[in-house]
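*Asks:* Dropping the structure in here first, questions after.
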Amino acid sequence: MDSFKNLQNTLFQSSINLPRSRTDYFCTILFTVILICFFFLFSASDNTSPASRLHCPPNKPPPLSSAVFRGARFASKSYRSCAVSAAFSPAETCHQISGYAVGSGSVEEETDSCDVFDGHWVVDEDFEPVYKPGSCPFIDDAFNCFKNGRRDSDYLRLKWKPHACEIPRFDGLKMLKMLTGKKMVFVGDSLNRNMWESLVCALRESLANKRKVFEVSGRRQFRNQGFYSFIFKDFNCSIDFIKSPFLVQEWKFSDKAGTRRETLRLDMMEGSYNYHDADIIVFNTGHWWTHQKTFQGKYYFQEGNHVYRKLEVADAYKKALRTWARWVDASINSSRTRVFFRGYSSSHFKGGQWNSGGSCYGETKPITNETHLAPYPWMMIALESVISKMKTPVFFLNITKMTDYRKDGHPSIFKQSASTIRQGMFQDCSHWCLPGVPDSWNQLLYAVLLKSHKNLGSITNH
């Protein structure tokens with residue numbers, strides 16, 4: 001506005017001082033046109049307008065987008081993120097959304113500057129799961145709600161929609177081509193098993209000859225096994241699951257009376273299996289830290305030969321994450337291996353916990369009001385703090401908010417066959433029916449890998 005006033009004054013003075021011949025009038029008009037053009041060019045280059053830039057709060061790292069760039073390690077808290085993402089770089093400003101409308105540009109390009117974890121669930125009557133209920137033989141019975149008698153299907157008609165962009169639909173064949181010759185490993189608790197089974201089923205569905213998927217162990221049930229693997233023969237790739245609910249080592253020691261006690265070694269990475277050379281690793285830990293023995297923290301946490309008489313679970317969790325971070329930084333070759341950490345998956349027990357009458361049976365609709373969501377978990381705040389100090393790039397799959405909406409997606413009583421369901425039984429309001437919510441986690445993982453495929457392709461094959 002000041003620039004425009006200055007222009008007006010200049011023009012006014014010029015009109016007073018210039019002679020009044022036709023030639024002078026013509027020169028005055030020409031001079032005016034030139035000044036106006038200069039003014040608008042100057043205004044266009046001035047980027048101080050509030051509408052032209054969008055800032056994150058001071059000193060707050062930006063949320064991650066679905067683009068993967070080297071050196072990235074920050075992620076947004078979904079509940080209080082900036083409206084857009086500055087991709088994977090720890091900058092203090094958010095990039096403005098590119099302005100792609102639906103259908104006006106590549107979906108993959110849209111996710112460049114979009115926080116794909118900040119969104120909501122939308123009903124789509126035409127939406128179909130990547131694999132049909134009852135069609136995948138690799139789903140553990142505890143997640144196979146359709147097989148166990150659940151007949152409502154509205155929970156399968158919901159799709160995740162980020163607020164600022166569209167995400168590509170999962171394409172199993174395209175993902176398998178990206179994974180050709182590679183090893184992908186899920187390491188963590190049974191919620192990561194949930195995600196792993198979902199991905200195996202989604203990839204299998206894309207194959208014309210589904211017999212080309214092999215279970216390495218030859219046995220389907222693996223609840224008591226620490227390692228499980230599927231090989232997609234035509235693509236020479238494996239998708240593995242390693243059970244490690246704490247990521248650090250479960251241990252035993254003898255007290256002064258000679259009694260063997262269980263402890264958790266906060267200073268030692270769980271090391272039953274070697275996977276540091278995998279091409280993609282997806283870690284998680286969370287729910288086992290809420291169990292009674294862990295949460296109470298009495299004579300359970302150990303470092304070296306020292307067993308803590310009492311240690312708060314939050315402090316123990318941070319120590320365990322720092323042990324994990326040190327192992328990743330020391331053992332992972334980031335030019336070869338892409339590291340992901342999947343965030344906390346929300347539970348929806350009502351009226352108690354899993355072992356005290358907690359229930360989610362009869363929930364068929366998601367939460368729709370964001371104000372009814374739970375506070376951001378303390379565990380994820382601790383995780384973000386640890387990741388921010390690592391030298392290895394870690395992509396945080398921040399699925400906490402998207403799961404918090406979905407109180408309708410749990411197995412509840414359908415965790416077991418209909419013939420064994422009885423009144424008062426423990427319900428499962430932590431894990432997810434398959435097909436179901438974890439399919440959307442893998443859709444976001446697919447979007448990330450799709451965007452980073454150029455870098456992923458440079459990873460050395462086995």
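Quick note on naming: the chains in the structure tokens go A, B, ... in the order shown, residues restart at 1 in each chain, and ligands are numbered from 1 in order of appearance.
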Can you list, as a CSV table (one decimal) with all heavy atoms, in the first residue's frame, every protein, DNA or RNA residue that comes within 6 Å of segment 363-377 of chain A when you count only C-alpha atoms, leaving out same-chain residues fewer than 4 positions away?
*Replies:*
chain,number,residue,atom,x,y,z
A,405,TYR,N,-9.7,-42.6,15.5
A,405,TYR,CA,-11.1,-42.4,15.0
A,405,TYR,C,-11.8,-43.8,14.9
A,405,TYR,O,-13.0,-43.9,15.0
A,405,TYR,CB,-11.1,-41.9,13.5
A,405,TYR,CG,-10.8,-40.4,13.4
A,405,TYR,CD1,-9.6,-40.0,12.9
A,405,TYR,CD2,-11.8,-39.5,13.7
A,405,TYR,CE1,-9.3,-38.6,12.7
A,405,TYR,CE2,-11.5,-38.1,13.6
A,405,TYR,CZ,-10.3,-37.7,13.1
A,405,TYR,OH,-10.0,-36.4,12.9
A,406,ARG,N,-11.1,-44.9,14.7
A,406,ARG,CA,-11.7,-46.1,14.3
A,406,ARG,C,-12.0,-47.1,15.4
A,406,ARG,O,-11.6,-48.3,15.4
A,406,ARG,CB,-10.7,-46.8,13.3
A,406,ARG,CG,-10.6,-46.0,12.0
A,406,ARG,CD,-11.9,-45.7,11.3
A,406,ARG,NE,-12.6,-46.9,11.0
A,406,ARG,CZ,-12.4,-47.7,9.9
A,406,ARG,NH1,-11.5,-47.4,9.0
A,406,ARG,NH2,-13.1,-48.8,9.8
A,407,LYS,N,-12.9,-46.7,16.3
A,407,LYS,CA,-13.4,-47.6,17.3
A,407,LYS,C,-14.2,-48.8,16.7
A,407,LYS,O,-14.5,-49.8,17.4
A,407,LYS,CB,-14.2,-46.9,18.3
A,407,LYS,CG,-15.5,-46.2,17.8
A,407,LYS,CD,-16.1,-45.3,18.9
A,407,LYS,CE,-17.3,-44.5,18.3
A,407,LYS,NZ,-18.5,-45.4,18.0
A,408,ASP,N,-14.6,-48.7,15.5
A,408,ASP,CA,-15.4,-49.7,14.8
A,408,ASP,C,-14.6,-50.8,14.2
A,408,ASP,O,-15.2,-51.8,13.7
A,408,ASP,CB,-16.3,-49.1,13.7
A,408,ASP,CG,-15.4,-48.4,12.7
A,408,ASP,OD1,-14.4,-47.7,13.0
A,408,ASP,OD2,-15.7,-48.5,11.5
*Asks:* Can you tell me, as a list of chain:residue names, what residues are no more than 6 Å from segment 282-289 of chain A when counting only C-alpha atoms, ignoring any on the same chain fewer than 3 positions away?
*Replies:* A:Phe186, A:Val187, A:Gly188, A:Pro245, A:Phe246, A:Thr294, A:Phe340, A:Phe341, A:Arg342
*Asks:* Looking at A:Val123, A:Cys136, A:Val130, A:Leu156, which one is nearest to Gly436 of chain A, with distances taken over only C-alpha atoms?
*Replies:* A:Leu156
*Asks:* Just want the 6 Å neighbourhood of Ser238 of chain A, counted on only C-alpha atoms, with same-chain residues fewer than 2 positions away dropped. Output as a PyMOL selection string.
*Replies:* chain A and resi 183+230-231
*Asks:* Selection from above, all heavy atoms, as a PDB file, in the first residue's frame, can you write it?
*Replies:*
ATOM      1  N   LYS A 183      14.573 -57.385   0.546  1.00  0.00           N
ATOM      2  CA  LYS A 183      14.091 -57.983   1.787  1.00  0.00           C
ATOM      3  C   LYS A 183      13.458 -56.888   2.637  1.00  0.00           C
ATOM      4  O   LYS A 183      14.076 -55.872   2.934  1.00  0.00           O
ATOM      5  CB  LYS A 183      15.251 -58.626   2.545  1.00  0.00           C
ATOM      6  CG  LYS A 183      14.904 -59.228   3.896  1.00  0.00           C
ATOM      7  CD  LYS A 183      16.160 -59.810   4.545  1.00  0.00           C
ATOM      8  CE  LYS A 183      15.874 -60.393   5.911  1.00  0.00           C
ATOM      9  NZ  LYS A 183      17.100 -60.950   6.536  1.00  0.00           N
ATOM     10  N   PHE A 230       7.460 -64.702   4.263  1.00  0.00           N
ATOM     11  CA  PHE A 230       6.854 -65.081   3.003  1.00  0.00           C
ATOM     12  C   PHE A 230       7.787 -64.665   1.868  1.00  0.00           C
ATOM     13  O   PHE A 230       8.370 -63.578   1.903  1.00  0.00           O
ATOM     14  CB  PHE A 230       5.501 -64.399   2.804  1.00  0.00           C
ATOM     15  CG  PHE A 230       4.396 -65.010   3.608  1.00  0.00           C
ATOM     16  CD1 PHE A 230       4.030 -64.467   4.826  1.00  0.00           C
ATOM     17  CD2 PHE A 230       3.729 -66.131   3.149  1.00  0.00           C
ATOM     18  CE1 PHE A 230       3.010 -65.031   5.569  1.00  0.00           C
ATOM     19  CE2 PHE A 230       2.703 -66.700   3.888  1.00  0.00           C
ATOM     20  CZ  PHE A 230       2.341 -66.159   5.101  1.00  0.00           C
ATOM     21  N   ILE A 231       7.894 -65.530   0.871  1.00  0.00           N
ATOM     22  CA  ILE A 231       8.700 -65.230  -0.308  1.00  0.00           C
ATOM     23  C   ILE A 231       7.790 -65.143  -1.528  1.00  0.00           C
ATOM     24  O   ILE A 231       6.959 -66.030  -1.756  1.00  0.00           O
ATOM     25  CB  ILE A 231       9.780 -66.308  -0.537  1.00  0.00           C
ATOM     26  CG1 ILE A 231      10.824 -66.250   0.570  1.00  0.00           C
ATOM     27  CG2 ILE A 231      10.448 -66.136  -1.902  1.00  0.00           C
ATOM     28  CD1 ILE A 231      11.903 -67.307   0.463  1.00  0.00           C
TER      29      ILE A 231
END
*Asks:* As an exercise, work out the distance from atom CA of Gly226 of chain A to atom CA of Leu266 of chain A in Å and give it to one decimal place.
*Replies:*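 About the pair atom CA of Gly226 of chain A and atom CA of Leu266 of chain A: they are 19.4 Å apart.
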*Asks:* Tell me, as a list in words, which residues lie within 12 Å of Phe127 of chain A, counting only C-alpha atoms; anything in the same chain fewer than 2 positions away does not count.
*Replies:* Val122, Val123, Asp124, Glu125, Pro129, Val130, Tyr131, Lys132, Ser153, Asp154, Tyr155, Leu156, Arg157, Leu158, Lys159, Trp160 and Arg169 of chain A
*Asks:* Quick one: pick out all alpha helix (DSSP H) residues within segment 260-306 of chain A from a backbone DSSP run and write them as a PDB file with all heavy atoms, in the first residue's frame.
*Replies:*
ATOM      1  N   GLN A 292       0.467 -54.429  32.922  1.00  0.00           N
ATOM      2  CA  GLN A 292       0.580 -54.152  34.356  1.00  0.00           C
ATOM      3  C   GLN A 292       2.014 -54.238  34.870  1.00  0.00           C
ATOM      4  O   GLN A 292       2.507 -53.334  35.538  1.00  0.00           O
ATOM      5  CB  GLN A 292      -0.325 -55.098  35.137  1.00  0.00           C
ATOM      6  CG  GLN A 292      -0.359 -54.792  36.633  1.00  0.00           C
ATOM      7  CD  GLN A 292      -1.360 -55.674  37.375  1.00  0.00           C
ATOM      8  OE1 GLN A 292      -1.848 -56.649  36.821  1.00  0.00           O
ATOM      9  NE2 GLN A 292      -1.645 -55.335  38.614  1.00  0.00           N
ATOM     10  N   LYS A 293       2.703 -55.348  34.562  1.00  0.00           N
ATOM     11  CA  LYS A 293       4.052 -55.538  35.093  1.00  0.00           C
ATOM     12  C   LYS A 293       5.001 -54.450  34.587  1.00  0.00           C
ATOM     13  O   LYS A 293       5.822 -53.920  35.337  1.00  0.00           O
ATOM     14  CB  LYS A 293       4.577 -56.923  34.689  1.00  0.00           C
ATOM     15  CG  LYS A 293       5.981 -57.207  35.185  1.00  0.00           C
ATOM     16  CD  LYS A 293       6.339 -58.677  35.056  1.00  0.00           C
ATOM     17  CE  LYS A 293       6.232 -59.177  33.641  1.00  0.00           C
ATOM     18  NZ  LYS A 293       6.698 -60.585  33.531  1.00  0.00           N
ATOM     19  N   THR A 294       4.861 -54.114  33.307  1.00  0.00           N
ATOM     20  CA  THR A 294       5.720 -53.086  32.730  1.00  0.00           C
ATOM     21  C   THR A 294       5.379 -51.715  33.294  1.00  0.00           C
ATOM     22  O   THR A 294       6.260 -50.934  33.653  1.00  0.00           O
ATOM     23  CB  THR A 294       5.555 -53.061  31.197  1.00  0.00           C
ATOM     24  OG1 THR A 294       5.549 -54.393  30.699  1.00  0.00           O
ATOM     25  CG2 THR A 294       6.649 -52.257  30.535  1.00  0.00           C
ATOM     26  N   PHE A 295       4.089 -51.433  33.380  1.00  0.00           N
ATOM     27  CA  PHE A 295       3.658 -50.103  33.805  1.00  0.00           C
ATOM     28  C   PHE A 295       3.993 -49.845  35.269  1.00  0.00           C
ATOM     29  O   PHE A 295       4.318 -48.719  35.652  1.00  0.00           O
ATOM     30  CB  PHE A 295       2.152 -49.946  33.565  1.00  0.00           C
ATOM     31  CG  PHE A 295       1.694 -48.518  33.524  1.00  0.00           C
ATOM     32  CD1 PHE A 295       1.887 -47.753  32.386  1.00  0.00           C
ATOM     33  CD2 PHE A 295       1.095 -47.925  34.621  1.00  0.00           C
ATOM     34  CE1 PHE A 295       1.479 -46.426  32.339  1.00  0.00           C
ATOM     35  CE2 PHE A 295       0.685 -46.607  34.585  1.00  0.00           C
ATOM     36  CZ  PHE A 295       0.878 -45.854  33.433  1.00  0.00           C
ATOM     37  N   GLN A 296       3.930 -50.890  36.099  1.00  0.00           N
ATOM     38  CA  GLN A 296       4.259 -50.707  37.519  1.00  0.00           C
ATOM     39  C   GLN A 296       5.758 -50.509  37.722  1.00  0.00           C
ATOM     40  O   GLN A 296       6.175 -49.746  38.587  1.00  0.00           O
ATOM     41  CB  GLN A 296       3.769 -51.916  38.320  1.00  0.00           C
ATOM     42  CG  GLN A 296       2.260 -51.966  38.486  1.00  0.00           C
ATOM     43  CD  GLN A 296       1.814 -53.173  39.293  1.00  0.00           C
ATOM     44  OE1 GLN A 296       2.588 -54.118  39.515  1.00  0.00           O
ATOM     45  NE2 GLN A 296       0.569 -53.150  39.737  1.00  0.00           N
TER      46      GLN A 296
END
*Asks:* May I ask which of the residues A:Leu264, A:Cys201, A:Ala278, A:Cys429 is the closest one to Thr337 of chain A, counting only C-alpha atoms?
*Replies:*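 Of the candidates, the smallest distance to Thr337 of chain A is held by A:Ala278.
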*Asks:* Rank nothing, just name the residue among A:Phe143, A:Phe138, A:Trp251, A:Phe396 nearest to Glu205 of chain A, using only C-alpha atoms.
*Replies:*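 Result for the nearest residue to Glu205 of chain A: A:Phe138.
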*Asks:* I need the residue nearest Ala330 of chain A from this list: A:Lys243, A:Lys391, A:Ile399, A:Ser254. Use only C-alpha atoms for the distance.
*Replies:*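 Closest residue, counting only C-alpha atoms: A:Lys391.
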*Asks:* Give me, as an mmCIF file with all heavy atoms, in the first residue's frame, all polymer residues having an atom no more than 8 Å from segment 315-318 of chain A, counting only C-alpha atoms and skipping those fewer than 5 positions away in the same chain.
*Replies:*
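Output file part.cif follows:
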data_model
loop_
_atom_site.group_PDB
_atom_site.id
_atom_site.type_symbol
_atom_site.label_atom_id
_atom_site.label_comp_id
_atom_site.auth_asym_id
_atom_site.auth_seq_id
_atom_site.Cartn_x
_atom_site.Cartn_y
_atom_site.Cartn_z
ATOM 1 N N LEU A 266 17.052 -52.865 29.409
ATOM 2 C CA LEU A 266 16.867 -51.609 28.691
ATOM 3 C C LEU A 266 18.104 -51.207 27.899
ATOM 4 O O LEU A 266 18.027 -50.340 27.019
ATOM 5 C CB LEU A 266 16.507 -50.496 29.677
ATOM 6 C CG LEU A 266 15.255 -50.734 30.522
ATOM 7 C CD1 LEU A 266 15.081 -49.599 31.526
ATOM 8 C CD2 LEU A 266 14.012 -50.859 29.640
ATOM 9 N N TRP A 289 4.156 -51.838 26.714
ATOM 10 C CA TRP A 289 4.586 -50.916 27.765
ATOM 11 C C TRP A 289 3.418 -50.462 28.627
ATOM 12 O O TRP A 289 3.623 -49.796 29.650
ATOM 13 C CB TRP A 289 5.277 -49.702 27.149
ATOM 14 C CG TRP A 289 6.544 -50.058 26.438
ATOM 15 C CD1 TRP A 289 6.681 -50.423 25.134
ATOM 16 C CD2 TRP A 289 7.853 -50.109 27.007
ATOM 17 N NE1 TRP A 289 7.993 -50.703 24.852
ATOM 18 C CE2 TRP A 289 8.741 -50.516 25.983
ATOM 19 C CE3 TRP A 289 8.374 -49.852 28.279
ATOM 20 C CZ2 TRP A 289 10.111 -50.661 26.191
ATOM 21 C CZ3 TRP A 289 9.735 -50.002 28.493
ATOM 22 C CH2 TRP A 289 10.586 -50.403 27.458
ATOM 23 N N PHE A 301 12.860 -53.596 35.423
ATOM 24 C CA PHE A 301 13.763 -52.981 34.443
ATOM 25 C C PHE A 301 15.214 -53.146 34.894
ATOM 26 O O PHE A 301 15.543 -52.915 36.063
ATOM 27 C CB PHE A 301 13.425 -51.509 34.257
ATOM 28 C CG PHE A 301 12.036 -51.279 33.717
ATOM 29 C CD1 PHE A 301 11.095 -50.539 34.434
ATOM 30 C CD2 PHE A 301 11.657 -51.812 32.492
ATOM 31 C CE1 PHE A 301 9.823 -50.331 33.946
ATOM 32 C CE2 PHE A 301 10.381 -51.608 31.992
ATOM 33 C CZ PHE A 301 9.456 -50.873 32.721
ATOM 34 N N MET A 379 4.118 -41.699 24.689
ATOM 35 C CA MET A 379 5.135 -42.536 24.057
ATOM 36 C C MET A 379 5.587 -41.953 22.721
ATOM 37 O O MET A 379 6.759 -42.049 22.348
ATOM 38 C CB MET A 379 4.607 -43.962 23.859
ATOM 39 C CG MET A 379 4.629 -44.787 25.123
ATOM 40 S SD MET A 379 4.153 -46.512 24.861
ATOM 41 C CE MET A 379 2.385 -46.351 24.803
ATOM 42 N N ALA A 382 7.944 -39.023 23.260
ATOM 43 C CA ALA A 382 9.280 -39.535 23.572
ATOM 44 C C ALA A 382 9.968 -40.043 22.306
ATOM 45 O O ALA A 382 11.161 -39.799 22.086
ATOM 46 C CB ALA A 382 9.181 -40.650 24.610
ATOM 47 N N LEU A 383 9.219 -40.746 21.474
ATOM 48 C CA LEU A 383 9.785 -41.286 20.234
ATOM 49 C C LEU A 383 10.288 -40.172 19.327
ATOM 50 O O LEU A 383 11.396 -40.251 18.781
ATOM 51 C CB LEU A 383 8.735 -42.128 19.507
ATOM 52 C CG LEU A 383 9.126 -42.630 18.120
ATOM 53 C CD1 LEU A 383 10.317 -43.580 18.204
ATOM 54 C CD2 LEU A 383 7.941 -43.313 17.445
ATOM 55 N N VAL A 386 13.607 -38.844 20.496
ATOM 56 C CA VAL A 386 14.740 -39.732 20.227
ATOM 57 C C VAL A 386 15.098 -39.712 18.745
ATOM 58 O O VAL A 386 16.275 -39.603 18.376
ATOM 59 C CB VAL A 386 14.413 -41.169 20.693
ATOM 60 C CG1 VAL A 386 15.472 -42.147 20.202
ATOM 61 C CG2 VAL A 386 14.303 -41.222 22.216
#
*Asks:* So that I can check the surroundings of Leu199 of chain A, please list as a VMD selection string every protein, DNA and RNA residue that reaches within 9 Å of it, counting only C-alpha atoms and ignoring chain neighbours fewer than 2 positions away.
*Replies:* chain A and resid 172 194 to 197 201 to 204 239 438 to 439 442
*Asks:* Residues within 8 Å of Val248 of chain A, please, as a PyMOL selection string. Count only C-alpha atoms; anything in the same chain fewer than 3 positions from it doesn't count.
*Replies:* chain A and resi 244+264-270+320+323-324
*Asks:* Please save C-alpha atoms of the selected residues as a CSV table (one decimal), in the first residue's frame.
*Replies:*
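File written: result.csv
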chain,number,residue,atom,x,y,z
A,244,SER,CA,10.2,-58.2,19.4
A,264,LEU,CA,13.7,-56.3,30.7
A,265,ARG,CA,17.2,-55.3,29.7
A,266,LEU,CA,16.9,-51.6,28.7
A,267,ASP,CA,20.5,-51.5,27.5
A,268,MET,CA,20.5,-54.4,25.2
A,269,MET,CA,18.8,-54.7,21.8
A,270,GLU,CA,16.7,-57.9,21.3
A,320,ALA,CA,14.8,-48.5,25.5
A,323,THR,CA,19.2,-48.3,23.0
A,324,TRP,CA,17.3,-48.9,19.7
*Asks:* How many Å lie between atom CA of Leu445 of chain A and atom CA of Phe170 of chain A, rounded to one decimal?
*Replies:*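 Atom-to-atom, atom CA of Leu445 of chain A and atom CA of Phe170 of chain A are spaced 9.4 Å apart.
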*Asks:* Taking only C-alpha atoms into account, which of A:Cys114, A:Leu207, A:Ala142, A:Met178 comes nearest Lys415 of chain A?
*Replies:*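 Selected residue with least distance to Lys415 of chain A: A:Ala142.
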*Asks:* Please, what distance in Å, to one decimal, runs between atom CA of Glu303 of chain A and atom CA of Ser331 of chain A?
*Replies:*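 Distance reported for this atom pair: 20.8 Å.
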